[in-house]
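Reading through the structure tokens given below for one structure.
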Amino acid sequence: MPFSPDVLTPNPSFRSSILSVCPAALDAVDPAACVARSLHVSGDTLAVNERNYDLSQYQRIFVIGAGKAGAPMAAAVEAALGDRVDSGLVVVKSGHGGPTAVVEVAEASHPVPDEAGVVAGNRVLAIAEQAGPDDLVIALLSGGGSALLVVPADGITLADVQAMTGALLACGATINETNCLRKHNSAVKGGQLARAVHPATLITLALSDVVGSPLDVIASGPSVPDTSTWQDA
């Protein structure tokens, strides 16, 4: 069968249909819009999907997190809570910062972590550790959070983490496999951020970039229990 260049030329009406869908698709996954749809404040009541929180019961509200969508997510939380937010820090990929009023935005390397990610990761952990029983912590997680929130476990160096990450990327490991190893070489991933936040109240808002949306894999699950084991690693 002879080759026909027409095969590579999209039907104009088909192209028009595709382009008409794109803006709606982009609007649907806009990080700030996603947060705004899930988080609402009425008086002293904070509604997060099906759960309500009495804001009058909290002395301070901290916002922490990591991921490429961290800046618009933090801005949306600020828009909803206003001056109720005391302080916070989210770590984003270099060049992915954005305007926020109170929550600081730190930039670090992705997908291979760098020293900036270690500094920011330790600052996020310090905020979590200072939260008390009368405080509320909102964690914002999105794609890239694993590389951006970096607190190596005792005995592990940044160079170790960088070498491990590079090897996993080069061999074609799945995100589930990669994050299993990341969790077992970290002092903040795999639920350890939640441990640091305790006894404060913790709310996690996560934008999933993982098929099936397993919460312990998104950003390596810093705020949820880890279902993987040392044997898995």
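To be explicit about the labels: the chains of the structure tokens are called A, B, and onward in the order shown, and within each one the residues are counted from 1, while ligands get numbers from 1 in the order they are shown.
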
Secondary structure check, alpha helix (DSSP H) residues of region 140-221 of chain A, as a PyMOL selection string
chain A and resi 145-148+158-171+175-183+192-197

Could you write out that same residue set with N, CA, C and O atoms as a tab-separated table (two decimals), in the first residue's frame?
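Result file out-v1.tsv:
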chain	number	residue	atom	x	y	z
A	145	GLY	N	6.79	15.81	44.75
A	145	GLY	CA	7.04	16.01	46.17
A	145	GLY	C	8.12	15.10	46.74
A	145	GLY	O	8.83	15.48	47.67
A	146	SER	N	8.28	13.91	46.18
A	146	SER	CA	9.29	12.98	46.67
A	146	SER	C	10.69	13.54	46.52
A	146	SER	O	11.53	13.42	47.42
A	147	ALA	N	10.97	14.15	45.37
A	147	ALA	CA	12.30	14.70	45.12
A	147	ALA	C	12.52	16.01	45.84
A	147	ALA	O	13.66	16.38	46.13
A	148	LEU	N	11.46	16.72	46.14
A	148	LEU	CA	11.58	18.07	46.67
A	148	LEU	C	11.60	18.12	48.19
A	148	LEU	O	12.18	19.04	48.78
A	158	LEU	N	23.07	13.11	51.29
A	158	LEU	CA	22.42	13.60	50.07
A	158	LEU	C	23.01	12.92	48.85
A	158	LEU	O	22.28	12.56	47.91
A	159	ALA	N	24.32	12.70	48.85
A	159	ALA	CA	24.96	12.02	47.72
A	159	ALA	C	24.40	10.61	47.54
A	159	ALA	O	24.22	10.14	46.41
A	160	ASP	N	24.12	9.94	48.65
A	160	ASP	CA	23.51	8.60	48.58
A	160	ASP	C	22.14	8.68	47.90
A	160	ASP	O	21.81	7.87	47.03
A	161	VAL	N	21.34	9.65	48.32
A	161	VAL	CA	19.99	9.81	47.77
A	161	VAL	C	20.06	10.17	46.29
A	161	VAL	O	19.28	9.66	45.47
A	162	GLN	N	21.00	11.02	45.93
A	162	GLN	CA	21.15	11.41	44.53
A	162	GLN	C	21.56	10.21	43.67
A	162	GLN	O	21.01	10.00	42.57
A	163	ALA	N	22.50	9.40	44.17
A	163	ALA	CA	22.94	8.23	43.42
A	163	ALA	C	21.82	7.22	43.27
A	163	ALA	O	21.62	6.63	42.19
A	164	MET	N	21.07	7.01	44.35
A	164	MET	CA	19.94	6.08	44.31
A	164	MET	C	18.89	6.55	43.31
A	164	MET	O	18.39	5.77	42.48
A	165	THR	N	18.56	7.84	43.37
A	165	THR	CA	17.55	8.39	42.46
A	165	THR	C	17.99	8.26	41.01
A	165	THR	O	17.20	7.86	40.14
A	166	GLY	N	19.24	8.60	40.74
A	166	GLY	CA	19.75	8.49	39.38
A	166	GLY	C	19.70	7.06	38.86
A	166	GLY	O	19.34	6.82	37.70
A	167	ALA	N	20.06	6.10	39.71
A	167	ALA	CA	20.04	4.69	39.30
A	167	ALA	C	18.63	4.21	39.03
A	167	ALA	O	18.37	3.48	38.06
A	168	LEU	N	17.67	4.63	39.85
A	168	LEU	CA	16.28	4.23	39.67
A	168	LEU	C	15.69	4.82	38.40
A	168	LEU	O	14.95	4.16	37.66
A	169	LEU	N	16.03	6.10	38.13
A	169	LEU	CA	15.54	6.73	36.90
A	169	LEU	C	16.13	6.04	35.67
A	169	LEU	O	15.44	5.83	34.67
A	170	ALA	N	17.40	5.66	35.76
A	170	ALA	CA	18.08	5.07	34.61
A	170	ALA	C	17.60	3.65	34.30
A	170	ALA	O	17.59	3.24	33.14
A	171	CYS	N	17.18	2.92	35.33
A	171	CYS	CA	16.80	1.52	35.10
A	171	CYS	C	15.32	1.35	34.76
A	171	CYS	O	14.88	0.24	34.47
A	175	ILE	N	7.16	4.27	39.53
A	175	ILE	CA	7.08	5.26	40.61
A	175	ILE	C	6.80	4.56	41.94
A	175	ILE	O	7.30	4.98	42.98
A	176	ASN	N	6.05	3.47	41.93
A	176	ASN	CA	5.79	2.73	43.16
A	176	ASN	C	7.07	2.14	43.72
A	176	ASN	O	7.33	2.20	44.93
A	177	GLU	N	7.90	1.56	42.84
A	177	GLU	CA	9.17	0.98	43.26
A	177	GLU	C	10.13	2.06	43.75
A	177	GLU	O	10.79	1.92	44.80
A	178	THR	N	10.21	3.13	42.98
A	178	THR	CA	11.11	4.23	43.34
A	178	THR	C	10.75	4.82	44.69
A	178	THR	O	11.62	5.02	45.55
A	179	ASN	N	9.47	5.07	44.92
A	179	ASN	CA	9.07	5.70	46.17
A	179	ASN	C	9.13	4.75	47.35
A	179	ASN	O	9.27	5.18	48.49
A	180	CYS	N	9.05	3.45	47.10
A	180	CYS	CA	9.27	2.48	48.18
A	180	CYS	C	10.68	2.66	48.75
A	180	CYS	O	10.87	2.70	49.97
A	181	LEU	N	11.66	2.76	47.86
A	181	LEU	CA	13.03	2.95	48.32
A	181	LEU	C	13.24	4.33	48.93
A	181	LEU	O	13.94	4.48	49.93
A	182	ARG	N	12.62	5.34	48.34
A	182	ARG	CA	12.73	6.68	48.90
A	182	ARG	C	12.21	6.73	50.34
A	182	ARG	O	12.80	7.35	51.21
A	183	LYS	N	11.07	6.07	50.58
A	183	LYS	CA	10.48	6.08	51.92
A	183	LYS	C	11.39	5.44	52.95
A	183	LYS	O	11.44	5.87	54.11
A	192	GLN	N	6.25	9.69	58.19
A	192	GLN	CA	7.05	10.27	59.26
A	192	GLN	C	6.79	11.76	59.47
A	192	GLN	O	7.03	12.29	60.56
A	193	LEU	N	6.28	12.44	58.46
A	193	LEU	CA	5.87	13.83	58.65
A	193	LEU	C	4.66	13.88	59.58
A	193	LEU	O	4.57	14.76	60.45
A	194	ALA	N	3.73	12.95	59.42
A	194	ALA	CA	2.56	12.88	60.29
A	194	ALA	C	2.98	12.61	61.73
A	194	ALA	O	2.41	13.18	62.67
A	195	ARG	N	3.97	11.76	61.91
A	195	ARG	CA	4.47	11.48	63.26
A	195	ARG	C	5.03	12.75	63.89
A	195	ARG	O	4.83	13.01	65.08
A	196	ALA	N	5.71	13.57	63.09
A	196	ALA	CA	6.27	14.82	63.60
A	196	ALA	C	5.18	15.82	63.94
A	196	ALA	O	5.30	16.58	64.91
A	197	VAL	N	4.09	15.83	63.17
A	197	VAL	CA	2.98	16.76	63.41
A	197	VAL	C	2.24	16.42	64.70
A	197	VAL	O	1.78	17.32	65.42

Residues at most 6 Å from region 113-123 of chain A, counting only C-alpha atoms, excluding those fewer than 4 positions away in the same chain, as a PDB file with C-alpha atoms, in the first residue's frame?
ATOM      1  CA  ALA A 108      14.658  22.990  44.838  1.00  0.00           C
ATOM      2  CA  SER A 109      15.841  20.513  42.204  1.00  0.00           C
ATOM      3  CA  ALA A 147      12.302  14.695  45.124  1.00  0.00           C
ATOM      4  CA  LEU A 148      11.576  18.071  46.675  1.00  0.00           C
ATOM      5  CA  LEU A 149      10.956  17.095  50.319  1.00  0.00           C
ATOM      6  CA  VAL A 150      14.346  15.711  51.289  1.00  0.00           C
ATOM      7  CA  VAL A 151      15.373  14.718  54.817  1.00  0.00           C
TER       8      VAL A 151
END

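The shell of residues at most 10 Å from Val48 (chain A), with only C-alpha atoms counted and near chain neighbours (fewer than 6 positions) removed, consists of Val35, Ala36, Arg37, Ser38, Leu39, His40, Val41, Ile203, Thr204 and Leu205 of chain A.
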
If you keep all heavy atoms, can you produce a file of those selected residues as a compact mmCIF listing (two decimals), in the first residue's frame?
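And here's part_27.txt as it stands now:
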# COMPACT_ATOMS: atom_id res chain seq x y z
N VAL A 35 -8.06 22.78 44.89
CA VAL A 35 -8.10 23.07 46.33
C VAL A 35 -9.37 23.84 46.68
O VAL A 35 -10.05 23.53 47.67
CB VAL A 35 -6.85 23.87 46.75
CG1 VAL A 35 -7.00 24.36 48.19
CG2 VAL A 35 -5.60 23.00 46.63
N ALA A 36 -9.71 24.81 45.85
CA ALA A 36 -10.89 25.63 46.13
C ALA A 36 -12.17 24.80 46.13
O ALA A 36 -13.10 25.08 46.90
CB ALA A 36 -11.00 26.75 45.10
N ARG A 37 -12.22 23.76 45.28
CA ARG A 37 -13.40 22.91 45.26
C ARG A 37 -13.50 22.02 46.50
O ARG A 37 -14.60 21.57 46.85
CB ARG A 37 -13.38 22.01 44.00
CG ARG A 37 -13.69 22.74 42.71
CD ARG A 37 -13.99 21.76 41.59
NE ARG A 37 -12.82 20.97 41.23
CZ ARG A 37 -11.95 21.31 40.28
NH1 ARG A 37 -12.11 22.43 39.61
NH2 ARG A 37 -10.93 20.51 40.00
N SER A 38 -12.40 21.76 47.16
CA SER A 38 -12.38 20.81 48.28
C SER A 38 -12.37 21.49 49.64
O SER A 38 -12.60 20.82 50.65
CB SER A 38 -11.14 19.90 48.17
OG SER A 38 -11.19 19.13 46.99
N LEU A 39 -12.09 22.77 49.69
CA LEU A 39 -11.90 23.46 50.97
C LEU A 39 -12.74 24.72 51.02
O LEU A 39 -12.60 25.59 50.15
CB LEU A 39 -10.39 23.78 51.12
CG LEU A 39 -9.87 24.33 52.43
CD1 LEU A 39 -8.41 23.92 52.62
CD2 LEU A 39 -9.95 25.85 52.43
N HIS A 40 -13.61 24.81 52.02
CA HIS A 40 -14.50 25.96 52.15
C HIS A 40 -14.56 26.41 53.61
O HIS A 40 -14.52 25.57 54.52
CB HIS A 40 -15.92 25.62 51.67
CG HIS A 40 -15.98 25.11 50.27
ND1 HIS A 40 -16.00 25.95 49.17
CD2 HIS A 40 -16.00 23.85 49.78
CE1 HIS A 40 -16.05 25.22 48.07
NE2 HIS A 40 -16.05 23.95 48.41
N VAL A 41 -14.65 27.71 53.82
CA VAL A 41 -14.74 28.27 55.17
C VAL A 41 -16.03 29.07 55.29
O VAL A 41 -16.34 29.92 54.45
CB VAL A 41 -13.54 29.18 55.50
CG1 VAL A 41 -13.71 29.82 56.87
CG2 VAL A 41 -12.24 28.38 55.45
N ILE A 203 -4.39 17.83 58.26
CA ILE A 203 -5.23 17.67 57.07
C ILE A 203 -4.29 17.60 55.87
O ILE A 203 -3.40 18.44 55.72
CB ILE A 203 -6.20 18.86 56.88
CG1 ILE A 203 -7.19 18.94 58.04
CG2 ILE A 203 -6.94 18.75 55.55
CD1 ILE A 203 -8.04 20.20 58.00
N THR A 204 -4.48 16.60 55.02
CA THR A 204 -3.66 16.47 53.81
C THR A 204 -4.53 16.68 52.57
O THR A 204 -5.58 16.06 52.44
CB THR A 204 -2.99 15.09 53.73
OG1 THR A 204 -2.10 14.92 54.83
CG2 THR A 204 -2.21 14.95 52.44
N LEU A 205 -4.08 17.55 51.70
CA LEU A 205 -4.70 17.74 50.38
C LEU A 205 -3.67 17.29 49.35
O LEU A 205 -2.58 17.87 49.25
CB LEU A 205 -5.07 19.20 50.15
CG LEU A 205 -6.09 19.81 51.13
CD1 LEU A 205 -6.31 21.28 50.81
CD2 LEU A 205 -7.41 19.06 51.08

Taking the DSSP secondary structure from the backbone, can you list the residues of chain A that are strand (DSSP E), as number ranges by chain?
A: 39-42, 45-48, 51-54, 60-66, 87-93, 104-108, 135-141, 201-206

Within 9 Å of Asp209 (chain A), counting only C-alpha atoms, which residues qualify if same-chain residues fewer than 5 places away don't, as number ranges by chain?
A: 142-144, 218
